[in-house]
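Heads up: the structure comes next, in structure tokens.
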Amino acid sequence: MFNRKNNSNTDQNKIGELPSFEARTDLAVEEQESFAGDGGEIKGVALREWHHRNSHIRLTEVSIMDEQGARAMGKPVGTYLTLDVPDMAEKDDGYHEEVAEELGKQLNLLIKKMCPNKKEKASVLVVGLGNIQVTPDSLGPRVVDNLQMTRHFLGEYGEDFCERNDLPVLSGIIPGVMAQTGMETAEIVKGVVDETKPDMVLAIDALAARNVRRLASTIQLTDTGIHPGSGVGNHRHSMTKDSLGVPVAALGIPTVVGAAAIVHGTVEALIHTLAMNSGTEGYAKYMEDLDPESQYELIRELMEPEFGPMFVTPQDIDERVKQLSFTVSEGIHRALYGKKS
């Protein structure tokens, strides 16, 4: 899963030319932050930030309103809501409950927005994207494992059972990855959607970040659907309303950061440090004036060629993903059941 863009430039550059360098990210908020100033003056893009009273969770909404904004951001038109939850690594049950509560509220609003004509509770198919055997990519499958499914009650007790008992119609699938199934993820999900006819799909995925501080501490919600697997150089079919026939929301948490992005950030920190010293400020000026291609060359020289397109993840990612998957599943329960599960 991870980044949705192709990092490989081999076919696009002549021998001897430098590829255009960009520190990749799946997070719209990081893309917005990369622009000059506060990043809020991008044409076709609206920015809103807030946090609720007595809450330690900051919310940032990036709305890409037209094609001009989509080109600038490199992401589809739609709304991208980010929850900054910096203390997710802490074993604080109260904090995780607060995150689940806020996530549930935002998910509930998103579901109502995407299914505006649904009077009763919407039926939701949760798709756990990723490979459960690869810990940083196992968030989606783990979330689905934690969910309390209800759709099977319809066949056992009648089509109106969930409505009569004020229950959501919740179903889930873990489609695996192509190496395991030999099929595109989107093909599997399309078949399930056609057969079960949910009102909407909620895809859960692991993402790639640009900034290390966002690892396992940022939750992104979007109404744009998802493009699984393309970030590691493998183009995969998208899962959107156009391709599946029903609205598709996506929930993602960054679990990896590209090694090149880390080095790029290190170079920026080095420039700042050199600029603070009168004896080295000339070096800082030289490095600061490098164009993106030259900066990429510098990064390439710093990294061993055999490293290739590496991704880096926290050493305690096992525990983090386990806790994150539980918190996300609790948020989904609160959004759909309307109370603590």
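Every chain in the structure tokens takes a letter, A first, then B, and so on in the order presented; its residues are numbered from 1, and the ligands are numbered from 1 following the presented order.
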
key: Residue list (helix (DSSP H, G or I), DSSP) for region 37-148 of chain A, as a VMD selection string   = chain A and resid 67 to 73 93 to 114 135 to 137 139 to 146

Keeping only N, CA and C atoms, take the residues you just selected and write them out as a CSV table (one decimal), in the first residue's frame.
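Printed below is again-v2.csv as written:
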chain,number,residue,atom,x,y,z
A,67,GLU,N,-10.0,21.2,-10.4
A,67,GLU,CA,-8.9,20.6,-11.0
A,67,GLU,C,-7.6,21.4,-10.8
A,68,GLN,N,-7.7,22.7,-10.7
A,68,GLN,CA,-6.5,23.5,-10.5
A,68,GLN,C,-5.8,23.1,-9.1
A,69,GLY,N,-6.7,22.9,-8.1
A,69,GLY,CA,-6.2,22.5,-6.8
A,69,GLY,C,-5.7,21.1,-6.8
A,70,ALA,N,-6.3,20.2,-7.6
A,70,ALA,CA,-5.9,18.9,-7.7
A,70,ALA,C,-4.5,18.8,-8.4
A,71,ARG,N,-4.3,19.6,-9.4
A,71,ARG,CA,-2.9,19.6,-10.0
A,71,ARG,C,-1.9,20.1,-9.1
A,72,ALA,N,-2.2,21.1,-8.3
A,72,ALA,CA,-1.2,21.7,-7.4
A,72,ALA,C,-0.9,20.7,-6.3
A,73,MET,N,-1.9,20.0,-5.8
A,73,MET,CA,-1.7,19.1,-4.7
A,73,MET,C,-1.3,17.7,-5.1
A,93,ASP,N,-5.1,4.5,28.2
A,93,ASP,CA,-6.4,4.1,27.7
A,93,ASP,C,-7.4,5.3,27.6
A,94,GLY,N,-7.2,6.3,28.5
A,94,GLY,CA,-8.1,7.5,28.4
A,94,GLY,C,-7.9,8.3,27.1
A,95,TYR,N,-6.6,8.4,26.7
A,95,TYR,CA,-6.3,9.1,25.4
A,95,TYR,C,-6.8,8.3,24.2
A,96,HIS,N,-6.6,7.0,24.2
A,96,HIS,CA,-7.1,6.2,23.1
A,96,HIS,C,-8.6,6.2,23.0
A,97,GLU,N,-9.3,6.3,24.1
A,97,GLU,CA,-10.7,6.4,24.1
A,97,GLU,C,-11.2,7.7,23.6
A,98,GLU,N,-10.4,8.8,23.9
A,98,GLU,CA,-10.7,10.1,23.4
A,98,GLU,C,-10.5,10.1,21.8
A,99,VAL,N,-9.5,9.5,21.4
A,99,VAL,CA,-9.3,9.4,19.9
A,99,VAL,C,-10.4,8.6,19.2
A,100,ALA,N,-10.8,7.5,19.8
A,100,ALA,CA,-11.8,6.7,19.2
A,100,ALA,C,-13.1,7.5,19.2
A,101,GLU,N,-13.4,8.2,20.2
A,101,GLU,CA,-14.6,9.0,20.3
A,101,GLU,C,-14.6,10.1,19.2
A,102,GLU,N,-13.5,10.8,19.0
A,102,GLU,CA,-13.4,11.9,18.0
A,102,GLU,C,-13.5,11.2,16.6
A,103,LEU,N,-12.8,10.1,16.4
A,103,LEU,CA,-12.8,9.5,15.1
A,103,LEU,C,-14.2,9.0,14.8
A,104,GLY,N,-14.9,8.5,15.8
A,104,GLY,CA,-16.3,8.0,15.6
A,104,GLY,C,-17.2,9.2,15.1
A,105,LYS,N,-17.0,10.4,15.7
A,105,LYS,CA,-17.8,11.5,15.4
A,105,LYS,C,-17.6,11.9,13.9
A,106,GLN,N,-16.3,12.0,13.6
A,106,GLN,CA,-15.9,12.4,12.2
A,106,GLN,C,-16.3,11.4,11.2
A,107,LEU,N,-16.2,10.1,11.5
A,107,LEU,CA,-16.6,9.1,10.6
A,107,LEU,C,-18.2,9.1,10.4
A,108,ASN,N,-18.9,9.3,11.4
A,108,ASN,CA,-20.3,9.4,11.4
A,108,ASN,C,-20.8,10.6,10.4
A,109,LEU,N,-20.1,11.7,10.6
A,109,LEU,CA,-20.4,12.9,9.7
A,109,LEU,C,-20.1,12.5,8.2
A,110,LEU,N,-18.9,11.8,8.0
A,110,LEU,CA,-18.5,11.5,6.7
A,110,LEU,C,-19.5,10.5,6.0
A,111,ILE,N,-20.0,9.5,6.8
A,111,ILE,CA,-21.0,8.6,6.3
A,111,ILE,C,-22.3,9.2,5.9
A,112,LYS,N,-22.7,10.2,6.7
A,112,LYS,CA,-24.0,10.9,6.4
A,112,LYS,C,-23.8,11.8,5.2
A,113,LYS,N,-22.6,12.3,5.0
A,113,LYS,CA,-22.3,13.2,3.9
A,113,LYS,C,-22.3,12.4,2.6
A,114,MET,N,-21.8,11.2,2.7
A,114,MET,CA,-21.6,10.3,1.5
A,114,MET,C,-22.9,9.5,1.2
A,135,THR,N,4.0,-6.4,9.0
A,135,THR,CA,3.5,-5.6,10.1
A,135,THR,C,3.1,-4.2,9.7
A,136,PRO,N,4.0,-3.4,9.1
A,136,PRO,CA,3.6,-2.0,8.8
A,136,PRO,C,2.5,-1.9,7.8
A,137,ASP,N,2.2,-3.0,7.1
A,137,ASP,CA,1.1,-3.0,6.1
A,137,ASP,C,-0.1,-3.8,6.6
A,139,LEU,N,-2.3,-2.9,9.0
A,139,LEU,CA,-3.4,-2.1,9.8
A,139,LEU,C,-4.8,-2.5,9.3
A,140,GLY,N,-5.0,-2.5,8.0
A,140,GLY,CA,-6.3,-2.8,7.5
A,140,GLY,C,-6.9,-4.1,7.9
A,141,PRO,N,-6.1,-5.2,7.7
A,141,PRO,CA,-6.6,-6.5,8.1
A,141,PRO,C,-6.9,-6.6,9.6
A,142,ARG,N,-6.0,-6.0,10.4
A,142,ARG,CA,-6.2,-6.1,11.8
A,142,ARG,C,-7.5,-5.3,12.3
A,143,VAL,N,-7.8,-4.2,11.6
A,143,VAL,CA,-9.0,-3.4,12.0
A,143,VAL,C,-10.2,-4.3,11.7
A,144,VAL,N,-10.2,-4.9,10.5
A,144,VAL,CA,-11.4,-5.8,10.2
A,144,VAL,C,-11.5,-6.9,11.1
A,145,ASP,N,-10.4,-7.5,11.6
A,145,ASP,CA,-10.5,-8.6,12.6
A,145,ASP,C,-11.1,-8.2,13.9
A,146,ASN,N,-11.0,-6.9,14.2
A,146,ASN,CA,-11.6,-6.4,15.5
A,146,ASN,C,-13.0,-6.0,15.4

Backbone DSSP call of strand (DSSP E) for region 61-184 of chain A, listed as a list in words = Glu61, Val62, Ser63, Ile64, Gly78, Thr79, Tyr80, Leu81, Thr82, Leu83, Asp84, Ser123, Val124, Leu125, Val126, Val127, Gly128, Val169, Leu170, Ser171, Gly172 and Ile173 of chain A

All heavy atoms of the current selection, written as a short mmCIF file (atom, residue, chain, number, x, y, z; two decimals), in the first residue's frame:
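Result file follows (again20.cif):
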data_model
loop_
_atom_site.label_atom_id
_atom_site.label_comp_id
_atom_site.auth_asym_id
_atom_site.auth_seq_id
_atom_site.Cartn_x
_atom_site.Cartn_y
_atom_site.Cartn_z
N GLU A 61 -8.57 20.18 7.99
CA GLU A 61 -9.33 19.78 6.81
C GLU A 61 -8.78 20.48 5.59
O GLU A 61 -8.74 21.71 5.51
CB GLU A 61 -10.81 20.14 7.00
CG GLU A 61 -11.69 19.69 5.84
CD GLU A 61 -13.13 20.10 6.04
OE1 GLU A 61 -13.46 21.26 5.70
OE2 GLU A 61 -13.92 19.27 6.55
N VAL A 62 -8.33 19.70 4.62
CA VAL A 62 -7.85 20.21 3.35
C VAL A 62 -8.89 19.84 2.30
O VAL A 62 -9.13 18.65 2.05
CB VAL A 62 -6.48 19.61 2.97
CG1 VAL A 62 -6.04 20.12 1.60
CG2 VAL A 62 -5.43 19.96 4.02
N SER A 63 -9.52 20.85 1.70
CA SER A 63 -10.53 20.62 0.67
C SER A 63 -9.97 21.01 -0.69
O SER A 63 -9.61 22.17 -0.90
CB SER A 63 -11.80 21.43 0.96
OG SER A 63 -12.38 21.05 2.18
N ILE A 64 -9.85 20.04 -1.58
CA ILE A 64 -9.42 20.30 -2.95
C ILE A 64 -10.69 20.49 -3.76
O ILE A 64 -11.44 19.54 -3.98
CB ILE A 64 -8.56 19.15 -3.49
CG1 ILE A 64 -7.34 18.93 -2.58
CG2 ILE A 64 -8.12 19.42 -4.92
CD1 ILE A 64 -6.45 17.77 -2.99
N GLY A 78 -11.59 16.52 -3.58
CA GLY A 78 -12.29 15.92 -2.45
C GLY A 78 -11.85 16.54 -1.14
O GLY A 78 -11.10 17.53 -1.11
N THR A 79 -12.31 15.97 -0.05
CA THR A 79 -12.00 16.47 1.30
C THR A 79 -11.09 15.50 2.03
O THR A 79 -11.36 14.29 2.04
CB THR A 79 -13.30 16.69 2.09
OG1 THR A 79 -14.15 17.59 1.39
CG2 THR A 79 -13.00 17.24 3.48
N TYR A 80 -10.04 16.03 2.64
CA TYR A 80 -9.06 15.24 3.38
C TYR A 80 -9.00 15.78 4.81
O TYR A 80 -8.55 16.90 5.04
CB TYR A 80 -7.68 15.34 2.74
CG TYR A 80 -7.63 14.86 1.30
CD1 TYR A 80 -8.07 15.70 0.26
CD2 TYR A 80 -7.15 13.60 0.97
CE1 TYR A 80 -8.04 15.27 -1.06
CE2 TYR A 80 -7.12 13.17 -0.35
CZ TYR A 80 -7.57 14.01 -1.36
OH TYR A 80 -7.53 13.59 -2.66
N LEU A 81 -9.48 14.99 5.75
CA LEU A 81 -9.50 15.40 7.15
C LEU A 81 -8.40 14.66 7.90
O LEU A 81 -8.32 13.43 7.84
CB LEU A 81 -10.85 15.09 7.79
CG LEU A 81 -10.97 15.42 9.28
CD1 LEU A 81 -10.90 16.92 9.52
CD2 LEU A 81 -12.28 14.85 9.85
N THR A 82 -7.57 15.41 8.60
CA THR A 82 -6.46 14.82 9.36
C THR A 82 -6.67 15.02 10.85
O THR A 82 -6.96 16.14 11.30
CB THR A 82 -5.12 15.46 8.96
OG1 THR A 82 -4.90 15.24 7.57
CG2 THR A 82 -3.97 14.86 9.75
N LEU A 83 -6.54 13.95 11.61
CA LEU A 83 -6.54 14.02 13.07
C LEU A 83 -5.12 13.83 13.55
O LEU A 83 -4.51 12.78 13.32
CB LEU A 83 -7.43 12.93 13.68
CG LEU A 83 -8.95 13.09 13.62
CD1 LEU A 83 -9.48 12.95 12.20
CD2 LEU A 83 -9.64 12.07 14.54
N ASP A 84 -4.56 14.86 14.18
CA ASP A 84 -3.22 14.75 14.75
C ASP A 84 -3.35 14.18 16.16
O ASP A 84 -3.93 14.80 17.05
CB ASP A 84 -2.54 16.12 14.81
CG ASP A 84 -2.04 16.56 13.45
OD1 ASP A 84 -1.52 15.70 12.72
OD2 ASP A 84 -2.17 17.75 13.11
N SER A 123 -25.63 0.79 5.29
CA SER A 123 -24.88 -0.47 5.31
C SER A 123 -23.48 -0.20 4.79
O SER A 123 -23.30 0.42 3.74
CB SER A 123 -25.59 -1.52 4.47
OG SER A 123 -25.68 -1.12 3.12
N VAL A 124 -22.49 -0.65 5.53
CA VAL A 124 -21.09 -0.32 5.23
C VAL A 124 -20.27 -1.60 5.07
O VAL A 124 -20.36 -2.51 5.91
CB VAL A 124 -20.47 0.55 6.35
CG1 VAL A 124 -19.02 0.87 6.04
CG2 VAL A 124 -21.28 1.84 6.52
N LEU A 125 -19.51 -1.65 3.99
CA LEU A 125 -18.53 -2.72 3.78
C LEU A 125 -17.15 -2.16 4.11
O LEU A 125 -16.69 -1.21 3.46
CB LEU A 125 -18.56 -3.21 2.33
CG LEU A 125 -17.42 -4.14 1.90
CD1 LEU A 125 -17.47 -5.46 2.67
CD2 LEU A 125 -17.44 -4.38 0.40
N VAL A 126 -16.49 -2.71 5.12
CA VAL A 126 -15.15 -2.28 5.49
C VAL A 126 -14.13 -3.19 4.82
O VAL A 126 -14.20 -4.42 4.96
CB VAL A 126 -14.96 -2.31 7.03
CG1 VAL A 126 -13.55 -1.85 7.39
CG2 VAL A 126 -16.00 -1.43 7.71
N VAL A 127 -13.22 -2.59 4.08
CA VAL A 127 -12.20 -3.34 3.35
C VAL A 127 -10.85 -3.11 4.03
O VAL A 127 -10.37 -1.98 4.10
CB VAL A 127 -12.13 -2.90 1.88
CG1 VAL A 127 -11.04 -3.69 1.14
CG2 VAL A 127 -13.48 -3.08 1.20
N GLY A 128 -10.26 -4.18 4.52
CA GLY A 128 -8.95 -4.09 5.19
C GLY A 128 -7.84 -4.34 4.19
O GLY A 128 -7.48 -5.49 3.92
N VAL A 169 -25.76 -2.31 9.46
CA VAL A 169 -25.50 -3.47 8.60
C VAL A 169 -24.02 -3.38 8.22
O VAL A 169 -23.63 -2.68 7.30
CB VAL A 169 -26.39 -3.46 7.35
CG1 VAL A 169 -26.08 -4.68 6.48
CG2 VAL A 169 -27.86 -3.44 7.74
N LEU A 170 -23.20 -4.09 8.97
CA LEU A 170 -21.75 -3.98 8.84
C LEU A 170 -21.17 -5.30 8.35
O LEU A 170 -21.43 -6.36 8.91
CB LEU A 170 -21.14 -3.62 10.20
CG LEU A 170 -19.61 -3.50 10.28
CD1 LEU A 170 -19.09 -2.44 9.33
CD2 LEU A 170 -19.17 -3.20 11.72
N SER A 171 -20.38 -5.21 7.30
CA SER A 171 -19.68 -6.38 6.77
C SER A 171 -18.24 -6.00 6.48
O SER A 171 -17.89 -4.81 6.43
CB SER A 171 -20.35 -6.89 5.49
OG SER A 171 -20.42 -5.87 4.50
N GLY A 172 -17.39 -6.98 6.29
CA GLY A 172 -15.98 -6.68 6.07
C GLY A 172 -15.30 -7.75 5.25
O GLY A 172 -15.76 -8.90 5.18
N ILE A 173 -14.19 -7.37 4.62
CA ILE A 173 -13.40 -8.31 3.84
C ILE A 173 -11.93 -7.93 3.92
O ILE A 173 -11.59 -6.73 3.98
CB ILE A 173 -13.86 -8.35 2.37
CG1 ILE A 173 -13.06 -9.40 1.58
CG2 ILE A 173 -13.77 -6.98 1.72
CD1 ILE A 173 -13.54 -9.61 0.16
#

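The two atoms in question, CA of Ile226 (chain A) and CA of Val29 (chain A), are spaced 16.4 Å apart.
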
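Between Ala186 (chain A) and the residues A:Leu27, A:Leu129, A:Ile317, A:Val257, the shortest atom-to-atom distance, using only C-alpha atoms, involves A:Leu129.
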
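The smallest atom-to-atom distance between Val201 (chain A) and any of A:Ala216, A:Leu244, A:Ile132, A:Met149, using only C-alpha atoms, is found for A:Leu244.
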
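Nearest-residue note for Asp318 (chain A): choosing from A:Glu31, A:Ser138, A:Asp92, A:Thr185, the minimum distance belongs to A:Ser138, counting only C-alpha atoms.
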
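Using only C-alpha atoms, the shortest contact distance between Gln133 (chain A) and any of A:Gly158, A:Val248, A:Gln148, A:Ala179 is found at A:Ala179.
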
Distance of CA of Met88 (chain A) from CA of Thr218 (chain A), expressed in Å to one decimal place = 8.8 Å

note = Between A:Leu59, A:Ile42, A:Glu187, A:Asn54, smallest distance to Gln220 (chain A) by only C-alpha atoms belongs to A:Leu59

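In this comparison, which uses only C-alpha atoms, the residue of A:Leu324, A:Ala275, A:Ile174, A:Gly225 approaching Asn131 (chain A) most closely is A:Ile174.
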
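Note that CA of Gly245 (chain A) and CA of Gly155 (chain A) are 23.6 Å apart.
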